[in-house]
$ cat data_13.txt   # compact mmCIF, C-alpha atoms
# COMPACT_ATOMS: atom_id res chain seq x y z
CA LEU A 542 -20.06 26.20 21.11
CA ARG A 543 -19.57 22.89 22.89
CA ALA A 544 -19.90 24.52 26.31
CA LEU A 545 -23.05 26.32 25.16
CA TYR A 546 -24.57 23.07 23.89
CA ARG A 547 -23.88 21.34 27.18
CA ALA A 548 -25.32 24.24 29.16
CA GLN A 549 -28.51 23.96 27.13
CA ASN A 550 -28.50 20.13 27.40
CA ARG A 551 -28.64 19.93 23.60
CA VAL A 552 -25.80 17.52 22.79
CA SER A 553 -28.04 14.57 21.98
CA ALA A 554 -31.41 16.30 21.66
CA PHE A 555 -30.69 18.48 18.62
CA HIS A 556 -28.76 17.85 15.43
CA ASP A 557 -28.37 21.01 13.36
CA ASP A 558 -25.85 23.16 11.51
CA ALA A 559 -24.54 24.67 14.73
CA GLU A 560 -23.59 21.20 15.93
CA LEU A 561 -21.69 20.50 12.71
CA ILE A 562 -19.91 23.84 12.95
CA GLY A 563 -18.96 23.00 16.53
CA MET A 564 -17.50 19.63 15.59
CA GLU A 565 -15.50 21.12 12.71
CA ALA A 566 -14.26 23.91 14.98
CA GLU A 567 -13.09 21.32 17.50
CA TRP A 568 -11.23 19.46 14.76
CA LEU A 569 -9.53 22.57 13.35
CA GLY A 570 -8.78 23.75 16.88
CA GLY A 571 -6.75 20.64 17.64
CA ALA A 572 -9.21 18.62 19.76
CA ASP A 573 -8.98 14.86 20.26
CA LEU A 574 -10.28 13.36 17.01
CA SER A 575 -11.59 10.20 18.65
CA LEU A 576 -13.97 12.25 20.81
CA ILE A 577 -15.33 14.07 17.77
CA VAL A 578 -15.87 10.74 16.02
CA GLY A 579 -18.09 9.76 18.95
CA GLU A 580 -20.21 12.84 18.30
CA VAL A 581 -20.36 11.96 14.61
CA LEU A 582 -21.73 8.53 15.45
CA GLU A 583 -24.45 10.15 17.55
CA CYS A 584 -25.52 12.12 14.49
CA CYS A 585 -25.42 9.13 12.17
CA THR A 586 -27.61 7.04 14.47
CA ALA A 587 -30.16 9.82 15.09
CA SER A 588 -33.26 8.83 13.14
CA HIS A 589 -34.86 12.20 13.94
CA ALA A 590 -31.94 14.16 12.42
CA ALA A 591 -32.35 15.58 8.93
CA PRO A 592 -30.86 13.33 6.20
CA ASP A 593 -28.51 16.07 4.97
CA HIS A 594 -27.27 16.55 8.54
CA ARG A 595 -26.51 12.85 8.91
CA LEU A 596 -24.73 12.90 5.54
CA ALA A 597 -22.58 15.90 6.49
CA ALA A 598 -21.71 14.26 9.80
CA ALA A 599 -20.77 11.02 8.03
CA ARG A 600 -18.52 12.94 5.63
CA LEU A 601 -16.71 14.57 8.55
CA GLY A 602 -16.48 11.14 10.14
CA PHE A 603 -14.78 9.71 7.06
CA ILE A 604 -12.19 12.49 7.18
CA LEU A 605 -11.51 12.01 10.89
CA THR A 606 -11.32 8.21 10.75
CA ALA A 607 -8.95 8.51 7.78
CA ASN A 608 -6.70 10.70 9.91
CA LEU A 609 -6.93 8.16 12.71
CA GLY A 610 -6.49 5.17 10.41
CA ASP A 611 -9.65 3.67 11.93
CA ALA A 612 -11.11 1.53 9.14
CA GLU A 613 -13.53 -0.31 11.42
CA THR A 614 -15.29 2.86 12.57
CA ALA A 615 -15.25 4.23 9.02
CA ARG A 616 -17.06 1.13 7.79
CA ARG A 617 -19.59 1.48 10.60
CA ILE A 618 -20.26 5.09 9.64
CA TYR A 619 -20.60 4.10 5.99
CA SER A 620 -23.13 1.43 6.89
CA LEU A 621 -25.15 3.90 8.94
CA ALA A 622 -25.00 6.52 6.18
CA ALA A 623 -25.76 4.14 3.29
CA PRO A 624 -29.45 5.15 2.93
CA ASP A 625 -28.50 8.84 2.86
CA LEU A 626 -25.66 8.23 0.40
CA GLU A 627 -28.21 6.71 -1.99
CA ASN A 628 -30.93 9.28 -1.33
CA ALA A 629 -31.48 10.99 -4.70
CA GLU A 630 -33.24 13.88 -2.97
CA LEU A 631 -29.97 14.94 -1.33
CA ASN A 632 -27.30 17.04 -3.02
CA LEU A 633 -25.46 14.91 -5.61
CA ALA A 634 -22.12 16.64 -5.08
CA HIS A 635 -22.31 16.12 -1.32
CA ARG A 636 -23.15 12.45 -1.69
CA THR A 637 -20.38 11.95 -4.25
CA ALA A 638 -17.83 13.78 -2.08
CA SER A 639 -18.72 11.57 0.87
CA ARG A 640 -18.25 8.40 -1.15
CA LEU A 641 -14.99 9.73 -2.61
CA ILE A 642 -13.50 10.44 0.80
CA TYR A 643 -14.47 7.00 2.04
CA GLU A 644 -13.33 5.07 -1.04
CA THR A 645 -10.03 6.96 -1.22
CA SER A 646 -9.05 5.96 2.31
CA PHE A 647 -10.86 2.70 2.92
CA GLY A 648 -12.25 1.38 -0.36
CA GLU A 649 -10.99 0.57 -3.83
CA ALA A 650 -8.79 2.94 -5.82
CA GLN A 651 -10.70 2.21 -9.04
CA VAL A 652 -14.02 3.08 -7.41
CA ALA A 653 -12.49 6.21 -5.89
CA ARG A 654 -11.31 7.38 -9.32
CA ARG A 655 -14.83 7.04 -10.69
CA GLU A 656 -16.18 9.03 -7.75
CA LEU A 657 -13.51 11.66 -8.36
CA ASP A 658 -14.61 12.13 -11.96
CA GLU A 659 -18.23 12.37 -10.87
CA LEU A 660 -17.38 14.91 -8.17
CA LEU A 661 -15.45 17.17 -10.54
CA SER A 662 -18.45 17.10 -12.88
CA ALA A 663 -21.02 17.69 -10.11
CA ALA A 664 -18.94 20.53 -8.61
CA LYS A 665 -19.58 22.65 -11.69
CA ALA A 666 -23.23 22.98 -10.71
CA VAL A 667 -22.76 24.33 -7.17
CA PRO A 668 -22.05 27.89 -5.92
CA PRO A 669 -18.37 29.03 -5.84
CA ARG A 670 -17.91 28.83 -2.06
CA GLU A 671 -19.23 25.28 -1.95
CA ARG A 672 -17.25 24.37 -5.07
CA ALA A 673 -14.03 25.47 -3.35
CA GLN A 674 -14.56 22.89 -0.61
CA LEU A 675 -15.40 20.15 -3.09
CA LEU A 676 -12.23 20.90 -5.07
CA VAL A 677 -10.07 20.77 -1.95
CA TRP A 678 -11.40 17.28 -1.29
CA ALA A 679 -10.81 16.38 -4.94
CA ALA A 680 -7.19 17.62 -4.80
CA HIS A 681 -6.58 15.56 -1.68
CA ALA A 682 -8.07 12.50 -3.37
CA CYS A 683 -5.80 13.01 -6.39
CA GLU A 684 -2.78 13.03 -4.11
CA ARG A 685 -3.89 9.87 -2.31
CA LEU A 686 -4.74 8.11 -5.58
CA GLY A 687 -1.41 8.93 -7.22
CA ILE A 688 -2.90 11.39 -9.73
CA VAL A 689 -0.19 13.87 -8.81
CA ASP A 690 -0.26 15.82 -12.06
CA ARG A 691 -3.71 17.21 -11.21
CA VAL A 692 -3.18 18.17 -7.57
CA SER A 693 -1.85 21.70 -8.15
CA GLU A 694 -4.37 22.47 -10.91
CA ILE A 695 -7.38 21.53 -8.78
CA ALA A 696 -6.01 23.03 -5.56
CA LEU A 697 -5.26 26.32 -7.33
CA ASN A 698 -8.83 26.52 -8.62
CA ALA A 699 -10.06 25.81 -5.10
CA TYR A 700 -7.84 28.54 -3.67
CA ARG A 701 -9.04 31.17 -6.14
CA LEU A 702 -12.68 30.39 -5.38
CA ALA A 703 -12.12 30.37 -1.62
CA GLU A 704 -10.11 33.59 -1.69
CA GLU A 705 -12.80 35.40 -3.65
CA ALA A 706 -15.46 34.14 -1.24
CA MET A 707 -13.28 34.94 1.81
CA PHE A 708 -13.70 31.31 2.86
CA GLY A 709 -10.66 31.21 5.14
CA THR A 710 -10.77 27.54 6.09
CA MET A 711 -10.76 26.35 2.49
CA ALA A 712 -8.33 29.03 1.30
CA CYS A 713 -5.86 27.87 3.94
CA SER A 714 -6.49 24.21 3.13
CA ALA A 715 -5.97 24.74 -0.60
CA ALA A 716 -2.84 26.85 -0.05
CA ARG A 717 -1.21 24.27 2.19
CA LYS A 718 -2.06 21.56 -0.34
CA LEU A 719 -0.27 23.61 -3.00
CA ALA A 720 2.69 24.25 -0.71
CA TRP A 721 3.18 20.57 0.08
CA ASN A 722 2.72 19.54 -3.54
CA TYR A 723 5.34 22.00 -4.77
CA TRP A 724 7.73 20.78 -2.09
CA LYS A 725 7.15 17.17 -3.17
CA VAL A 726 8.05 17.99 -6.78
CA GLY A 727 11.17 19.86 -5.65
CA ASP A 728 10.06 23.46 -6.24
CA GLN A 729 11.29 25.15 -3.04
CA THR A 730 10.45 28.65 -4.26
CA GLU A 731 6.77 27.93 -4.91
CA ALA A 732 6.57 25.78 -1.79
CA TYR A 733 7.80 28.71 0.32
CA ARG A 734 5.39 31.11 -1.44
CA TRP A 735 2.32 28.97 -0.80
CA HIS A 736 3.51 28.20 2.72
CA ASP A 737 3.51 31.91 3.44
CA ILE A 738 0.08 32.36 1.85
CA ALA A 739 -1.37 29.54 3.95
CA ARG A 740 0.28 31.00 7.04
CA SER A 741 -1.38 34.36 6.37
CA TRP A 742 -4.80 32.67 6.48
CA ILE A 743 -3.93 30.85 9.70
CA ASP A 744 -3.00 34.17 11.27
CA ARG A 745 -6.58 35.33 10.60
CA GLY A 746 -8.12 32.28 12.27
CA GLN A 747 -7.35 29.64 14.86
CA PHE A 748 -6.62 26.53 12.84
CA SER A 749 -4.28 24.60 15.13
CA GLY A 750 -4.36 21.51 12.92
CA TYR A 751 -3.38 23.50 9.87
CA ALA A 752 -0.70 25.32 11.86
CA GLY A 753 0.89 22.03 12.84
CA ASP A 754 0.86 20.87 9.25
CA LEU A 755 2.56 24.05 8.06
CA TYR A 756 5.19 23.94 10.79
CA GLY A 757 5.97 20.45 9.54
CA LEU A 758 6.37 21.77 6.01
CA GLN A 759 8.49 24.64 7.26
CA ALA A 760 10.81 22.12 8.90
CA GLU A 761 11.19 20.27 5.59
CA LEU A 762 11.92 23.49 3.71
CA LEU A 763 14.53 24.53 6.28
CA ILE A 764 16.22 21.13 6.06
CA GLY A 765 16.45 21.67 2.31
CA ASP A 766 18.23 24.94 3.01
CA GLY A 767 20.57 23.29 5.51
CA ARG A 768 19.16 25.27 8.44
CA LEU A 769 18.90 22.32 10.80
CA ALA A 770 18.55 24.18 14.11
CA GLU A 771 15.65 26.21 12.75
CA ALA A 772 14.12 23.07 11.25
CA GLU A 773 14.18 21.38 14.65
CA LYS A 774 12.43 24.35 16.25
CA ALA A 775 9.75 24.26 13.55
CA LEU A 776 9.27 20.56 14.15
CA GLU A 777 8.81 21.17 17.88
CA LYS A 778 6.10 23.72 17.07
CA ALA A 779 4.42 21.16 14.82
CA THR A 780 4.50 18.62 17.64
CA LEU A 781 2.86 21.08 20.03
CA ALA A 782 0.18 22.09 17.53
CA TRP A 783 -0.67 18.46 16.76
CA SER A 784 -0.61 17.31 20.38
CA GLN A 785 -4.28 16.28 20.36
CA THR A 786 -4.55 15.07 16.77
CA VAL A 787 -1.64 12.68 16.31
CA ASN A 788 -2.27 10.05 13.62
CA ALA A 789 -0.18 7.52 11.71
CA ARG A 790 0.52 9.80 8.74
CA TRP A 791 1.60 12.63 11.01
CA LYS A 792 3.78 10.27 13.04
CA SER A 793 5.49 9.02 9.88
CA TRP A 794 6.19 12.54 8.58
CA HIS A 795 7.41 13.62 12.01
CA LEU A 796 9.79 10.67 12.33
CA ALA A 797 10.99 11.03 8.74
CA THR A 798 11.86 14.66 9.43
CA ARG A 799 13.53 13.79 12.71
CA CYS A 800 15.66 11.13 11.02
CA ALA A 801 16.62 13.58 8.27
CA ILE A 802 17.87 16.05 10.88
CA TRP A 803 19.71 13.36 12.85
CA PHE A 804 21.32 11.92 9.73
CA ALA A 805 22.44 15.35 8.52
CA ARG A 806 24.07 15.92 11.89
CA GLY A 807 25.74 12.52 11.89
CA GLU A 808 23.71 11.32 14.88
CA LEU A 809 23.46 7.80 13.50
CA GLU A 810 22.62 6.11 16.81
CA GLN A 811 19.47 8.22 16.98
CA VAL A 812 18.61 7.25 13.42
CA GLU A 813 19.14 3.55 14.07
CA ALA A 814 16.94 3.74 17.17
CA GLY A 815 14.14 5.25 15.11
CA ILE A 816 14.27 2.71 12.27
CA PRO A 817 11.92 0.04 13.78
CA ASN A 818 9.14 2.55 14.40
CA TYR A 819 9.76 4.22 11.03
CA ARG A 820 9.50 0.82 9.31
CA GLU A 821 6.23 -0.01 11.06
CA LEU A 822 4.70 3.31 10.02
CA VAL A 823 5.85 3.08 6.38
CA LEU A 824 4.51 -0.43 5.89
CA SER A 825 1.24 0.33 7.71
CA LEU A 826 0.63 3.20 5.28
CA ALA A 827 1.81 1.40 2.13
CA ASP A 828 -1.72 0.85 0.83
CA GLU A 829 -2.56 4.55 1.17
CA GLY A 830 -1.52 7.02 -1.49
CA GLY A 831 0.14 10.30 -0.58
CA ASN A 832 2.86 8.77 1.58
CA GLU A 833 5.35 7.94 -1.18
CA ILE A 834 8.02 10.44 -0.18
CA ILE A 835 8.00 9.13 3.39
CA ALA A 836 8.54 5.62 2.03
CA ALA A 837 11.23 6.71 -0.42
CA ARG A 838 13.17 8.42 2.34
CA PHE A 839 12.90 5.34 4.53
CA PHE A 840 14.32 3.01 1.88
CA GLN A 841 17.05 5.47 0.93
CA LEU A 842 17.91 5.84 4.61
CA LEU A 843 18.24 2.08 5.03
CA CYS A 844 20.63 1.99 2.07
CA ASP A 845 22.64 4.93 3.39
CA LEU A 846 22.99 3.07 6.68
CA GLY A 847 24.18 -0.07 4.90
CA HIS A 848 20.97 -2.07 5.43
CA GLU A 849 20.35 -3.08 1.80
CA ARG A 850 18.98 -6.49 2.75
CA GLN A 851 16.33 -5.00 5.02
CA ALA A 852 15.54 -2.39 2.38
CA ALA A 853 15.00 -5.11 -0.23
CA ASP A 854 12.77 -7.21 2.02
CA ASP A 855 10.70 -4.24 3.14
CA LEU A 856 10.37 -2.91 -0.40
CA LYS A 857 8.81 -6.21 -1.49
CA VAL A 858 6.21 -5.94 1.28
CA TYR A 859 5.59 -2.29 0.43
CA VAL A 860 5.04 -2.97 -3.27
CA ALA A 861 2.77 -5.94 -2.58
CA LYS A 862 0.52 -3.83 -0.34
CA ARG A 863 0.27 -1.05 -2.94
CA ARG A 864 -0.57 -3.53 -5.68
CA SER A 865 -3.32 -5.07 -3.53
CA LYS A 866 -4.95 -1.61 -3.29
CA GLY A 867 -4.55 -0.89 -7.02
CA LEU A 868 -2.31 2.11 -6.43
CA PRO A 869 -0.10 3.21 -9.34
CA SER A 870 3.66 3.31 -9.50
CA TRP A 871 5.48 6.57 -8.86
CA PRO A 872 8.75 7.99 -10.27
CA GLY A 873 10.80 7.53 -7.12
CA LEU A 874 10.07 3.81 -7.12
CA ALA A 875 12.16 3.33 -10.25
CA ALA A 876 15.22 4.85 -8.60
CA LEU A 877 14.69 2.77 -5.47
CA VAL A 878 14.39 -0.48 -7.39
CA GLU A 879 17.51 0.28 -9.42
CA ARG A 880 19.49 1.21 -6.32
CA ILE A 881 18.43 -1.78 -4.26
CA PHE A 882 18.20 -4.48 -6.93
CA GLY A 883 20.97 -3.35 -9.27
CA PRO A 884 21.64 -0.50 -11.74
CA GLN A 885 20.62 -2.55 -14.79
CA THR A 886 17.26 -3.68 -13.42
CA HIS A 887 15.26 -1.04 -15.24
CA ASP A 888 16.68 -1.89 -18.66
CA ARG A 889 16.30 -5.63 -18.14
CA CYS A 890 12.69 -5.23 -17.13
CA ARG A 891 11.91 -3.00 -20.08
CA SER A 892 13.45 -5.52 -22.48
CA ASN A 893 11.24 -8.22 -20.94
CA ASP A 894 8.21 -5.95 -21.10
CA GLN A 895 7.82 -6.30 -17.34
CA PRO A 896 6.27 -3.38 -15.43
CA LEU A 897 8.79 -1.71 -13.19
CA PHE A 898 6.19 -1.71 -10.42
CA GLU A 899 6.51 -5.50 -10.26
CA VAL A 900 10.30 -5.64 -10.25
CA SER A 901 10.86 -5.92 -6.52
CA GLN A 902 8.59 -8.95 -6.43
CA THR A 903 10.63 -10.91 -8.97
CA ARG A 904 14.25 -9.76 -8.74
CA GLN A 905 16.85 -10.85 -6.24
CA LEU A 906 19.58 -8.68 -4.83
CA PRO A 907 22.70 -8.67 -7.06
CA HIS A 908 24.85 -10.52 -4.50
CA ASP A 909 22.18 -13.26 -4.18
CA ARG A 910 22.28 -14.27 -7.85
$ encode --input "data_13.txt" --output "structure tokens"
Amino acid sequence: LRALYRAQNRVSAFHDDAELIGMEAEWLGGADLSLIVGEVLECCTASHAAPDHRLAAARLGFILTANLGDAETARRIYSLAAPDLENAELNLAHRTASRLIYETSFGEAQVARRELDELLSAAKAVPPRERAQLLVWAAHACERLGIVDRVSEIALNAYRLAEEAMFGTMACSAARKLAWNYWKVGDQTEAYRWHDIARSWIDRGQFSGYAGDLYGLQAELLIGDGRLAEAEKALEKATLAWSQTVNARWKSWHLATRCAIWFARGELEQVEAGIPNYRELVLSLADEGGNEIIAARFFQLLCDLGHERQAADDLKVYVAKRRSKGLPSWPGLAALVERIFGPQTHDRCRSNDQPLFEVSQTRQLPHDR
């Protein structure tokens, strides 16, 4: 599609559905996200483009800049798209989805939750195929906002709609969301099942980005089974598939998985060498939901290596950043606080009616008291 557009000299002259399909195909095919963002900006600044085209381009731009962690460009796109986001003549669900994606990654959690509720309501009024896509975005927002108890419910509804409509992209996206969510809650059986379902959809298409994501999940599942050599091979496949779309979240998952393999093998020098980069990634993503397991593994790893002081200091920074974004606590945080700040911390805080989420800001390490 891109070659055809260039041959016809249409890259900047026309903004239509074919252009949007081309940009999405580039993304799913593993192209350089920053280049696609440049094309998005062309659409958003094109006064002659249809308003719904500019809105769809902006929505894709929000997704791509979230993957890149590029808040500055996201804000620029939002500013350009503001008139279209408020245009009551455009589809309400599409406008709400666009705002949700932006607010979830770059805005305020409270605002994002309101947009989420509005999207779930607006999605009821659209055709099934379109609703599947909206629900995939909603499930992702739930994960990022810490509303983990709704992720599987919404993603499953999205999968059923997409499967019935033979909407492969969204069926694969919903299935991989289910697979990851089941892995996060410790259900290996369901995680494997949905991994295989998502893989079956990838085999019907050419979704390199999704393939990389699933290879990463496969590596995690194999580590859980103690099959470290196979896990390492899966991780290498993930690296290859994501070669053009590396972002901070992917880097953090990749390094977390690497460290898990090294630690299981007793290769502690490798682990120690990876800690500075791992720390930088964890703290840079602290104000984004959906990265809690990566953080938990980092703090646990520090403790396992005997670095309790560093774990305590970094946990304080991590908690402060999450609180500044309005993100909720999560179950693993309780265990981390108790391990790092003392086994009685939880009970003491409950007796003082102090939220556990604030503990690491107020408690000192046991040997410092």
$ residues_around --input "data_13.txt" --residues "segment 639-641 of chain A" --least-positions-apart "5" --cutoff "9 Å" --atoms "all atoms listed in the file" --output "list of chain:residue names"
A:Leu596, A:Ala597, A:Ala599, A:Arg600, A:Leu601, A:Phe603, A:Tyr619, A:Leu626, A:Ala634, A:Ser646, A:Val652, A:Ala653, A:Arg654, A:Arg655, A:Glu656, A:Leu657, A:Leu660, A:Trp678, A:Ala679, A:Ala682
$ residues_around --input "data_13.txt" --residues "Glu849 of chain A" --least-positions-apart "3" --cutoff "10 Å" --atoms "all atoms listed in the file" --output "number ranges by chain"
A: 840-846, 852-855, 880-882, 906
$ closest_residue --input "data_13.txt" --among "A:Ala703, A:Leu769, A:Ala716, A:Ala680" --to "Thr645 of chain A" --atoms "only C-alpha atoms"
A:Ala680
$ residues_near_point --input "data_13.txt" --point "(-9.9, 5.5, 12.2)" --cutoff "12 Å" --atoms "only C-alpha atoms" --output "ChimeraX atom specification"
/A:574-579,601-618,643,646-647,786-790
